[in-house]
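Undergrad: This is run.cif, which holds mmCIF, C-alpha atoms and all ligand atoms; chains and numbers go by the auth columns:
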data_query
#
loop_
_atom_site.group_PDB
_atom_site.id
_atom_site.type_symbol
_atom_site.label_atom_id
_atom_site.label_comp_id
_atom_site.label_asym_id
_atom_site.label_seq_id
_atom_site.Cartn_x
_atom_site.Cartn_y
_atom_site.Cartn_z
_atom_site.B_iso_or_equiv
_atom_site.auth_seq_id
_atom_site.auth_asym_id
ATOM 1 C CA MET A 1 0.000 0.000 0.000 0.00 1 S
ATOM 2 C CA THR A 2 1.442 3.364 -0.928 0.00 2 S
ATOM 3 C CA ASN A 3 0.809 6.829 0.432 0.00 3 S
ATOM 4 C CA GLN A 4 -0.714 7.949 -2.856 0.00 4 S
ATOM 5 C CA SER A 5 -3.992 8.943 -1.170 0.00 5 S
ATOM 6 C CA LEU A 6 -2.059 11.293 1.120 0.00 6 S
ATOM 7 C CA GLU A 7 -0.475 13.282 -1.735 0.00 7 S
ATOM 8 C CA ALA A 8 -0.822 17.052 -1.338 0.00 8 S
ATOM 9 C CA THR A 9 -2.575 19.241 -3.893 0.00 9 S
ATOM 10 C CA VAL A 10 0.111 21.581 -5.217 0.00 10 S
ATOM 11 C CA ASP A 11 -0.680 25.173 -6.154 0.00 11 S
ATOM 12 C CA PRO A 12 1.483 25.998 -9.226 0.00 12 S
ATOM 13 C CA GLU A 13 1.129 29.747 -8.645 0.00 13 S
ATOM 14 C CA LEU A 14 2.587 29.371 -5.176 0.00 14 S
ATOM 15 C CA VAL A 15 5.619 27.509 -6.514 0.00 15 S
ATOM 16 C CA ARG A 16 6.144 30.144 -9.234 0.00 16 S
ATOM 17 C CA LYS A 17 5.895 32.877 -6.589 0.00 17 S
ATOM 18 C CA TRP A 18 8.637 31.209 -4.515 0.00 18 S
ATOM 19 C CA ILE A 19 10.830 30.962 -7.620 0.00 19 S
ATOM 20 C CA SER A 20 10.383 34.667 -8.402 0.00 20 S
ATOM 21 C CA GLU A 21 11.169 35.597 -4.782 0.00 21 S
ATOM 22 C CA ILE A 22 13.997 33.158 -4.079 0.00 22 S
ATOM 23 C CA GLY A 23 15.723 32.710 -7.416 0.00 23 S
ATOM 24 C CA SER A 24 16.038 30.349 -10.326 0.00 24 S
ATOM 25 C CA ASP A 25 19.637 29.172 -10.428 0.00 25 S
ATOM 26 C CA SER A 26 21.246 26.253 -8.628 0.00 26 S
ATOM 27 C CA THR A 27 21.964 28.315 -5.485 0.00 27 S
ATOM 28 C CA ALA A 28 18.198 28.567 -4.978 0.00 28 S
ATOM 29 C CA ALA A 29 17.712 24.799 -4.795 0.00 29 S
ATOM 30 C CA VAL A 30 17.896 24.477 -0.993 0.00 30 S
ATOM 31 C CA PRO A 31 15.696 27.501 -0.120 0.00 31 S
ATOM 32 C CA LEU A 32 13.154 26.495 -2.760 0.00 32 S
ATOM 33 C CA LEU A 33 12.963 22.974 -1.334 0.00 33 S
ATOM 34 C CA GLN A 34 12.649 24.428 2.166 0.00 34 S
ATOM 35 C CA ALA A 35 9.753 26.634 1.039 0.00 35 S
ATOM 36 C CA ILE A 36 8.010 23.651 -0.551 0.00 36 S
ATOM 37 C CA GLN A 37 8.496 21.459 2.482 0.00 37 S
ATOM 38 C CA THR A 38 7.357 24.173 4.891 0.00 38 S
ATOM 39 C CA GLU A 39 4.111 24.446 2.935 0.00 39 S
ATOM 40 C CA TYR A 40 3.401 20.755 2.261 0.00 40 S
ATOM 41 C CA ARG A 41 5.530 19.079 5.000 0.00 41 S
ATOM 42 C CA TYR A 42 7.249 17.015 2.292 0.00 42 S
ATOM 43 C CA LEU A 43 8.362 17.518 -1.321 0.00 43 S
ATOM 44 C CA PRO A 44 5.484 16.655 -3.662 0.00 44 S
ATOM 45 C CA ARG A 45 6.656 15.424 -7.058 0.00 45 S
ATOM 46 C CA LYS A 46 4.498 17.985 -8.840 0.00 46 S
ATOM 47 C CA ALA A 47 6.172 20.869 -6.968 0.00 47 S
ATOM 48 C CA MET A 48 9.609 19.469 -7.812 0.00 48 S
ATOM 49 C CA ASP A 49 8.632 19.241 -11.498 0.00 49 S
ATOM 50 C CA LEU A 50 7.449 22.856 -11.432 0.00 50 S
ATOM 51 C CA VAL A 51 10.799 23.983 -10.036 0.00 51 S
ATOM 52 C CA VAL A 52 12.679 22.061 -12.734 0.00 52 S
ATOM 53 C CA GLY A 53 10.366 23.413 -15.435 0.00 53 S
ATOM 54 C CA ASN A 54 10.657 27.043 -14.358 0.00 54 S
ATOM 55 C CA THR A 55 14.315 27.382 -13.328 0.00 55 S
ATOM 56 C CA SER A 56 17.764 26.477 -14.616 0.00 56 S
ATOM 57 C CA ILE A 57 18.004 23.815 -11.889 0.00 57 S
ATOM 58 C CA THR A 58 18.102 20.362 -13.446 0.00 58 S
ATOM 59 C CA ALA A 59 16.116 17.420 -12.148 0.00 59 S
ATOM 60 C CA SER A 60 19.296 15.619 -11.098 0.00 60 S
ATOM 61 C CA GLN A 61 20.526 18.702 -9.199 0.00 61 S
ATOM 62 C CA LEU A 62 17.207 19.148 -7.411 0.00 62 S
ATOM 63 C CA PHE A 63 16.729 15.492 -6.507 0.00 63 S
ATOM 64 C CA GLY A 64 20.397 15.285 -5.537 0.00 64 S
ATOM 65 C CA VAL A 65 19.897 18.072 -2.989 0.00 65 S
ATOM 66 C CA ALA A 66 16.573 16.631 -1.802 0.00 66 S
ATOM 67 C CA THR A 67 18.081 13.233 -1.083 0.00 67 S
ATOM 68 C CA PHE A 68 21.353 14.541 0.382 0.00 68 S
ATOM 69 C CA TYR A 69 19.846 16.424 3.320 0.00 69 S
ATOM 70 C CA ALA A 70 17.993 14.487 6.028 0.00 70 S
ATOM 71 C CA GLN A 71 15.633 17.434 6.559 0.00 71 S
ATOM 72 C CA PHE A 72 13.844 16.760 3.268 0.00 72 S
ATOM 73 C CA ARG A 73 11.135 14.155 2.776 0.00 73 S
ATOM 74 C CA LEU A 74 10.009 12.830 -0.586 0.00 74 S
ATOM 75 C CA ARG A 75 6.903 11.114 0.738 0.00 75 S
ATOM 76 C CA PRO A 76 3.821 12.534 2.491 0.00 76 S
ATOM 77 C CA VAL A 77 4.139 12.791 6.240 0.00 77 S
ATOM 78 C CA GLY A 78 1.474 12.136 8.874 0.00 78 S
ATOM 79 C CA ARG A 79 0.155 14.712 11.325 0.00 79 S
ATOM 80 C CA HIS A 80 2.457 13.277 14.014 0.00 80 S
ATOM 81 C CA LEU A 81 5.969 11.940 13.534 0.00 81 S
ATOM 82 C CA ILE A 82 7.166 8.876 15.459 0.00 82 S
ATOM 83 C CA ARG A 83 10.940 8.688 15.518 0.00 83 S
ATOM 84 C CA VAL A 84 12.271 5.328 16.657 0.00 84 S
ATOM 85 C CA CYS A 85 15.920 5.416 17.645 0.00 85 S
ATOM 86 C CA HIS A 86 18.067 2.757 16.007 0.00 86 S
ATOM 87 C CA GLY A 87 21.372 3.834 17.506 0.00 87 S
ATOM 88 C CA THR A 88 23.541 1.118 19.038 0.00 88 S
ATOM 89 C CA ALA A 89 22.046 1.147 22.555 0.00 89 S
ATOM 90 C CA CYS A 90 18.474 1.186 21.263 0.00 90 S
ATOM 91 C CA HIS A 91 19.217 -1.438 18.646 0.00 91 S
ATOM 92 C CA VAL A 92 20.610 -3.748 21.334 0.00 92 S
ATOM 93 C CA GLY A 93 17.622 -2.925 23.554 0.00 93 S
ATOM 94 C CA GLY A 94 15.088 -3.984 20.934 0.00 94 S
ATOM 95 C CA ALA A 95 14.425 -1.095 18.540 0.00 95 S
ATOM 96 C CA ASP A 96 13.341 -3.578 15.866 0.00 96 S
ATOM 97 C CA ARG A 97 10.626 -4.906 18.200 0.00 97 S
ATOM 98 C CA LEU A 98 9.401 -1.345 18.716 0.00 98 S
ATOM 99 C CA ASP A 99 9.223 -0.880 14.965 0.00 99 S
ATOM 100 C CA THR A 100 7.181 -4.052 14.581 0.00 100 S
ATOM 101 C CA ALA A 101 4.792 -3.160 17.402 0.00 101 S
ATOM 102 C CA ILE A 102 4.239 0.384 16.158 0.00 102 S
ATOM 103 C CA LYS A 103 3.688 -0.684 12.558 0.00 103 S
ATOM 104 C CA GLN A 104 1.190 -3.262 13.777 0.00 104 S
ATOM 105 C CA ILE A 105 -0.925 -0.695 15.601 0.00 105 S
ATOM 106 C CA LEU A 106 -0.664 1.677 12.631 0.00 106 S
ATOM 107 C CA ASP A 107 -1.677 -1.158 10.282 0.00 107 S
ATOM 108 C CA ILE A 108 1.459 -0.662 8.198 0.00 108 S
ATOM 109 C CA HIS A 109 2.593 -3.828 6.449 0.00 109 S
ATOM 110 C CA ASP A 110 4.204 -2.647 3.216 0.00 110 S
ATOM 111 C CA PRO A 111 7.964 -2.016 3.553 0.00 111 S
ATOM 112 C CA ASP A 112 7.543 1.064 1.321 0.00 112 S
ATOM 113 C CA GLN A 113 4.842 2.547 3.562 0.00 113 S
ATOM 114 C CA ASP A 114 5.788 4.688 6.549 0.00 114 S
ATOM 115 C CA THR A 115 2.574 6.620 7.135 0.00 115 S
ATOM 116 C CA ALA A 116 -0.749 5.285 8.420 0.00 116 S
ATOM 117 C CA ILE A 117 -3.353 5.297 5.700 0.00 117 S
ATOM 118 C CA ASN A 118 -5.490 7.808 7.625 0.00 118 S
ATOM 119 C CA GLY A 119 -2.575 10.291 7.702 0.00 119 S
ATOM 120 C CA SER A 120 -2.325 10.215 11.496 0.00 120 S
ATOM 121 C CA TYR A 121 1.230 9.018 12.148 0.00 121 S
ATOM 122 C CA THR A 122 4.478 8.546 10.248 0.00 122 S
ATOM 123 C CA ILE A 123 7.148 6.230 11.617 0.00 123 S
ATOM 124 C CA GLU A 124 10.772 7.053 10.957 0.00 124 S
ATOM 125 C CA LYS A 125 14.066 5.404 11.885 0.00 125 S
ATOM 126 C CA VAL A 126 16.626 7.790 13.314 0.00 126 S
ATOM 127 C CA ALA A 127 20.194 7.577 14.542 0.00 127 S
ATOM 128 C CA CYS A 128 21.071 8.116 18.215 0.00 128 S
ATOM 129 C CA ILE A 129 19.026 10.928 19.727 0.00 129 S
ATOM 130 C CA GLY A 130 21.370 11.380 22.677 0.00 130 S
ATOM 131 C CA CYS A 131 19.626 9.689 25.609 0.00 131 S
ATOM 132 C CA CYS A 132 21.149 6.204 25.403 0.00 132 S
ATOM 133 C CA SER A 133 20.702 5.503 29.131 0.00 133 S
ATOM 134 C CA LEU A 134 16.930 5.473 28.443 0.00 134 S
ATOM 135 C CA ALA A 135 17.170 2.988 25.580 0.00 135 S
ATOM 136 C CA PRO A 136 15.171 1.838 23.765 0.00 136 S
ATOM 137 C CA VAL A 137 13.556 5.174 23.025 0.00 137 S
ATOM 138 C CA MET A 138 11.001 6.648 20.695 0.00 138 S
ATOM 139 C CA VAL A 139 9.950 10.258 20.212 0.00 139 S
ATOM 140 C CA VAL A 140 6.371 11.090 19.280 0.00 140 S
ATOM 141 C CA GLY A 141 5.985 14.697 18.273 0.00 141 S
ATOM 142 C CA GLU A 142 7.832 16.526 21.032 0.00 142 S
ATOM 143 C CA ASP A 143 7.560 13.769 23.677 0.00 143 S
ATOM 144 C CA THR A 144 10.315 11.261 24.400 0.00 144 S
ATOM 145 C CA PHE A 145 9.250 7.798 25.627 0.00 145 S
ATOM 146 C CA PRO A 146 12.011 5.828 27.406 0.00 146 S
ATOM 147 C CA ASN A 147 12.730 2.184 28.248 0.00 147 S
ATOM 148 C CA LEU A 148 10.145 0.774 25.899 0.00 148 S
ATOM 149 C CA LYS A 149 9.146 -2.744 25.131 0.00 149 S
ATOM 150 C CA GLY A 150 6.857 -3.408 22.180 0.00 150 S
ATOM 151 C CA ALA A 151 3.679 -3.401 24.288 0.00 151 S
ATOM 152 C CA ASP A 152 4.775 -0.201 26.049 0.00 152 S
ATOM 153 C CA ALA A 153 5.158 1.505 22.696 0.00 153 S
ATOM 154 C CA GLN A 154 1.643 0.513 21.650 0.00 154 S
ATOM 155 C CA ARG A 155 0.141 1.711 24.939 0.00 155 S
ATOM 156 C CA SER A 156 2.051 4.977 24.748 0.00 156 S
ATOM 157 C CA LEU A 157 0.800 5.506 21.224 0.00 157 S
ATOM 158 C CA GLN A 158 -2.770 4.731 22.273 0.00 158 S
ATOM 159 C CA LYS A 159 -2.533 7.409 24.944 0.00 159 S
ATOM 160 C CA HIS A 160 -0.982 9.889 22.521 0.00 160 S
ATOM 161 C CA ALA A 161 -3.683 9.184 19.950 0.00 161 S
ATOM 162 C CA LYS A 162 -6.417 9.609 22.532 0.00 162 S
ATOM 163 C CA ALA A 163 -4.946 12.944 23.652 0.00 163 S
ATOM 164 C CA HIS A 164 -4.778 14.184 20.056 0.00 164 S
ATOM 165 C CA ASN A 165 -8.087 12.769 18.803 0.00 165 S
ATOM 166 C CA GLU A 166 -6.355 10.451 16.381 0.00 166 S
ATOM 167 C CA VAL A 167 -7.393 6.967 15.305 0.00 167 S
ATOM 168 C CA LEU A 168 -4.824 4.182 15.104 0.00 168 S
ATOM 169 C CA PRO A 169 -5.858 2.071 12.095 0.00 169 S
ATOM 170 C CA GLY A 170 -4.508 -1.188 13.558 0.00 170 S
ATOM 171 C CA ASP A 171 -5.718 -0.655 17.117 0.00 171 S
ATOM 172 C CA THR A 172 -7.803 -3.574 18.326 0.00 172 S
ATOM 173 C CA GLY A 173 -8.684 -1.750 21.551 0.00 173 S
ATOM 174 C CA LYS A 174 -6.652 -4.144 23.653 0.00 174 S
ATOM 175 C CA ASP A 175 -4.928 -2.490 26.629 0.00 175 S
ATOM 176 C CA LYS A 176 -6.490 0.822 25.708 0.00 176 S
ATOM 177 C CA ASP A 177 -7.318 1.673 29.285 0.00 177 S
ATOM 178 C CA ALA A 178 -4.180 0.227 30.811 0.00 178 S
ATOM 179 C CA GLY A 179 -2.845 3.005 32.966 0.00 179 S
ATOM 180 C CA GLU A 180 -0.208 1.736 35.325 0.00 180 S
ATOM 181 C CA GLY A 181 3.035 0.687 33.809 0.00 181 S
ATOM 182 C CA ASP A 182 2.544 2.767 30.706 0.00 182 S
ATOM 183 C CA ALA A 183 5.685 4.408 29.499 0.00 183 S
ATOM 184 C CA ALA A 184 5.301 8.116 30.131 0.00 184 S
ATOM 185 C CA PRO A 185 7.059 10.802 28.155 0.00 185 S
ATOM 186 C CA ALA A 186 10.445 11.490 29.745 0.00 186 S
ATOM 187 C CA LYS A 187 10.953 14.987 28.450 0.00 187 S
ATOM 188 C CA LYS A 188 10.344 17.289 25.578 0.00 188 S
ATOM 189 C CA SER A 189 12.678 16.367 22.778 0.00 189 S
ATOM 190 C CA LYS A 190 15.202 18.776 21.414 0.00 190 S
ATOM 191 C CA LYS A 191 15.558 19.230 17.714 0.00 191 S
ATOM 192 C CA THR A 192 18.904 17.729 16.818 0.00 192 S
ATOM 193 C CA ALA A 193 20.717 17.317 13.547 0.00 193 S
ATOM 194 C CA GLU A 194 20.356 13.709 12.545 0.00 194 S
ATOM 195 C CA ALA A 195 22.087 11.664 9.950 0.00 195 S
ATOM 196 C CA ARG A 196 19.802 9.935 7.483 0.00 196 S
ATOM 197 C CA PRO A 197 19.669 6.338 8.817 0.00 197 S
HETATM 198 S S1 LIG B . 21.186 4.817 20.840 0.00 201 O
HETATM 199 FE FE1 LIG B . 19.134 5.425 21.122 0.00 201 O
HETATM 200 S S2 LIG B . 19.339 7.238 22.288 0.00 201 O
HETATM 201 FE FE2 LIG B . 21.387 6.689 21.854 0.00 201 O
#
Would you kindly transcribe this structure into structure tokens?

TA:
Amino acid sequence: MTNQSLEATVDPELVRKWISEIGSDSTAAVPLLQAIQTEYRYLPRKAMDLVVGNTSITASQLFGVATFYAQFRLRPVGRHLIRVCHGTACHVGGADRLDTAIKQILDIHDPDQDTAINGSYTIEKVACIGCCSLAPVMVVGEDTFPNLKGADAQRSLQKHAKAHNEVLPGDTGKDKDAGEGDAAPAKKSKKTAEARP
């Protein structure tokens, strides 16, 4: 299953306006991509094509920049981002089990899919986020959840979804009201520069 249904509707006039304001040579590639991503939260193919068609930036230059920097996304992103740490400590602590548990409750089964079909959550693998003593760790939005097992991750996500009026497509309702023992957010996460995993 792809994220095709989550594709943004691109306004060509908006893209042309950014080009006229920012520039149309190769030095404008990064700021143009940033403007596109700020608007759509990822880089829609149609917006990329408009940039290539209305500037001297080639498709290979633009896609080269878009894939080089970890800040850019080429696929639609959900309303909330789940970042699962796959650094060494978290990997040893069971990051793969977290991935499996989270994808299960998001009803994500296709390796090419990273966003729930209802656009609620996107799961992303990240390198060490700097709190290895709390491994394994995931960050949902701005909240960091420490010392997680697979079931903890699902319960934490259920609570997050409930607090944000989101529906988890793969949620069977099991453990929904489990309160004690739930992994609570440890702290607000800091934005850190991350290498593309
Ligand atoms: S390895 Fe996960 S926080 Fe460092």

Undergrad: Please report, as a tab-separated table, each residue of chain S lying at most 7 Å from ligand LIG 201 (chain O), together with the nearest pair of atoms and the separation in Å rounded to one decimal; use all atoms listed in the file, and order rows by chain and ascending residue number.

TA:
residue	atom	partner	partner_atom	distance
S:Cys85	CA	O:LIG201	FE1	4.7
S:His86	CA	O:LIG201	FE1	5.9
S:Gly87	CA	O:LIG201	S1	3.5
S:Thr88	CA	O:LIG201	S1	4.7
S:Ala89	CA	O:LIG201	S1	4.1
S:Cys90	CA	O:LIG201	FE1	4.3
S:His91	CA	O:LIG201	S1	6.9
S:Ala127	CA	O:LIG201	S1	6.9
S:Cys128	CA	O:LIG201	FE2	3.9
S:Ile129	CA	O:LIG201	S2	4.5
S:Gly130	CA	O:LIG201	S2	4.6
S:Cys131	CA	O:LIG201	S2	4.1
S:Cys132	CA	O:LIG201	FE2	3.6
S:Leu134	CA	O:LIG201	S2	6.8
S:Ala135	CA	O:LIG201	FE1	5.4
S:Pro136	CA	O:LIG201	FE1	6.0
S:Val137	CA	O:LIG201	FE1	5.9

Undergrad: Once you count all atoms listed in the file, what closest atom pair and distance in Å to one decimal does each residue of region 50-110 of chain S within 9 Å of region 157-168 of chain S have, with rows by chain and rising residue number, as JSON lines?

TA:
{"residue": "S:Ile102", "atom": "CA", "partner": "S:Leu157", "partner_atom": "CA", "distance": 8.0}
{"residue": "S:Ile105", "atom": "CA", "partner": "S:Leu168", "partner_atom": "CA", "distance": 6.3}
{"residue": "S:Leu106", "atom": "CA", "partner": "S:Leu168", "partner_atom": "CA", "distance": 5.4}
{"residue": "S:Asp107", "atom": "CA", "partner": "S:Leu168", "partner_atom": "CA", "distance": 7.9}

Undergrad: Hey, can you check how far CA of Tyr40 (chain S) sits from CA of Asp112 (chain S)?

TA: 20.1 Å

Undergrad: Rank S:Asn118, S:Gln37, S:Thr172, S:Asn147 by their smallest atom-to-atom distance to Gln104 (chain S), using all atoms listed in the file, and report the top residue only.

TA: S:Thr172

Undergrad: What does the distance from CA of Arg97 (chain S) to CA of Lys125 (chain S) come to in Å, to one decimal?

TA: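 For CA of Arg97 (chain S) relative to CA of Lys125 (chain S), the distance reads 12.6 Å.
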
Undergrad: Calculated over all atoms listed in the file, which of the candidates S:Ala35, S:Ile123, S:Val30, S:Ala8 has the smallest distance to His80 (chain S)?

TA: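 Going through S:Ala35, S:Ile123, S:Val30, S:Ala8 one by one, the smallest distance to His80 (chain S) is for S:Ile123.
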
Undergrad: Dump as an MDAnalysis selection string all residues having an atom at most 12 Å from (11.9, 21.1, -13.7), computed in the file's coordinates with only C-alpha atoms.

TA: chainID S and resid 15:16 19 24:26 29 45:63

Undergrad: Mind listing whatever residues come within 8 Å of the point (-0.8, 9.2, 10.5)? Use all atoms listed in the file, file coordinates, and give them as JSON, numbers by chain.

TA: {"S": [77, 78, 79, 80, 81, 106, 115, 116, 117, 118, 119, 120, 121, 122, 168]}

Undergrad: Using C-alpha atoms, can you export the residues from the last selection as a PDB file, in the frame of the given file?

TA:
ATOM      1  CA  VAL S  77       4.139  12.791   6.240  1.00  0.00           C
ATOM      2  CA  GLY S  78       1.474  12.136   8.874  1.00  0.00           C
ATOM      3  CA  ARG S  79       0.155  14.712  11.325  1.00  0.00           C
ATOM      4  CA  HIS S  80       2.457  13.277  14.014  1.00  0.00           C
ATOM      5  CA  LEU S  81       5.969  11.940  13.534  1.00  0.00           C
ATOM      6  CA  LEU S 106      -0.664   1.677  12.631  1.00  0.00           C
ATOM      7  CA  THR S 115       2.574   6.620   7.135  1.00  0.00           C
ATOM      8  CA  ALA S 116      -0.749   5.285   8.420  1.00  0.00           C
ATOM      9  CA  ILE S 117      -3.353   5.297   5.700  1.00  0.00           C
ATOM     10  CA  ASN S 118      -5.490   7.808   7.625  1.00  0.00           C
ATOM     11  CA  GLY S 119      -2.575  10.291   7.702  1.00  0.00           C
ATOM     12  CA  SER S 120      -2.325  10.215  11.496  1.00  0.00           C
ATOM     13  CA  TYR S 121       1.230   9.018  12.148  1.00  0.00           C
ATOM     14  CA  THR S 122       4.478   8.546  10.248  1.00  0.00           C
ATOM     15  CA  LEU S 168      -4.824   4.182  15.104  1.00  0.00           C
TER      16      LEU S 168
END

Undergrad: Taking all atoms listed in the file into account, which of S:Gly64, S:Pro76, S:Pro31, S:Gly141 comes nearest Ser5 (chain S)?

TA: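 Answer, going by the shortest atom-to-atom distance: S:Pro76.
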
Undergrad: For Met138 (chain S), please output as a VMD selection string all residues within 7 Å (counting all atoms listed in the file; exclusion window: fewer than 3 positions along the same chain).

TA: chain S and resid 82 to 85 144 to 146

Undergrad: For the residues in the current selection, export C-alpha atoms as a PDB file, keeping the file's coordinate frame.

TA:
ATOM      1  CA  ILE S  82       7.166   8.876  15.459  1.00  0.00           C
ATOM      2  CA  ARG S  83      10.940   8.688  15.518  1.00  0.00           C
ATOM      3  CA  VAL S  84      12.271   5.328  16.657  1.00  0.00           C
ATOM      4  CA  CYS S  85      15.920   5.416  17.645  1.00  0.00           C
ATOM      5  CA  THR S 144      10.315  11.261  24.400  1.00  0.00           C
ATOM      6  CA  PHE S 145       9.250   7.798  25.627  1.00  0.00           C
ATOM      7  CA  PRO S 146      12.011   5.828  27.406  1.00  0.00           C
TER       8      PRO S 146
END

Undergrad: Taking the file as shown, what set of residues would the PyMOL selection byres (((chain S and resi 151) around 10) and not hetatm) give back, as JSON, numbers by chain?

TA: {"S": [97, 98, 101, 102, 148, 149, 150, 152, 153, 154, 155, 156, 157, 175, 182, 183]}

Undergrad: Would you export the selected residues with C-alpha atoms as a PDB file, in the coordinates of the input, please?

TA:
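Wrote it out as again_6.pdb, contents follow:
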ATOM      1  CA  ARG S  97      10.626  -4.906  18.200  1.00  0.00           C
ATOM      2  CA  LEU S  98       9.401  -1.345  18.716  1.00  0.00           C
ATOM      3  CA  ALA S 101       4.792  -3.160  17.402  1.00  0.00           C
ATOM      4  CA  ILE S 102       4.239   0.384  16.158  1.00  0.00           C
ATOM      5  CA  LEU S 148      10.145   0.774  25.899  1.00  0.00           C
ATOM      6  CA  LYS S 149       9.146  -2.744  25.131  1.00  0.00           C
ATOM      7  CA  GLY S 150       6.857  -3.408  22.180  1.00  0.00           C
ATOM      8  CA  ASP S 152       4.775  -0.201  26.049  1.00  0.00           C
ATOM      9  CA  ALA S 153       5.158   1.505  22.696  1.00  0.00           C
ATOM     10  CA  GLN S 154       1.643   0.513  21.650  1.00  0.00           C
ATOM     11  CA  ARG S 155       0.141   1.711  24.939  1.00  0.00           C
ATOM     12  CA  SER S 156       2.051   4.977  24.748  1.00  0.00           C
ATOM     13  CA  LEU S 157       0.800   5.506  21.224  1.00  0.00           C
ATOM     14  CA  ASP S 175      -4.928  -2.490  26.629  1.00  0.00           C
ATOM     15  CA  ASP S 182       2.544   2.767  30.706  1.00  0.00           C
ATOM     16  CA  ALA S 183       5.685   4.408  29.499  1.00  0.00           C
TER      17      ALA S 183
END

Undergrad: Output as AutoDock Vina command-line options the centre and edge lengths (Å, one decimal) of the box along x, y and z of the file that holds every listed atom of region 120-131 of chain S after adding 6 Å on each side.

TA:
--center_x 9.5 --center_y 8.4 --center_z 17.9 --size_x 35.7 --size_y 18.0 --size_z 27.4

Undergrad: How many Å separate CA of Phe72 (chain S) from CA of Pro44 (chain S)?

TA: 10.9 Å

Undergrad: Using all atoms listed in the file for the distances, tell me which of S:Glu39, S:Glu142, S:Asp96, S:Asp114 is nearest to Thr9 (chain S).

TA: S:Glu39

Undergrad: Can you work out which one of S:Ile36, S:Val65, S:Arg73, S:Gly93 has the shortest atom-to-atom distance to Ser133 (chain S), counting all atoms listed in the file?

TA: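 Ranking S:Ile36, S:Val65, S:Arg73, S:Gly93 by distance to Ser133 (chain S), first place goes to S:Gly93.
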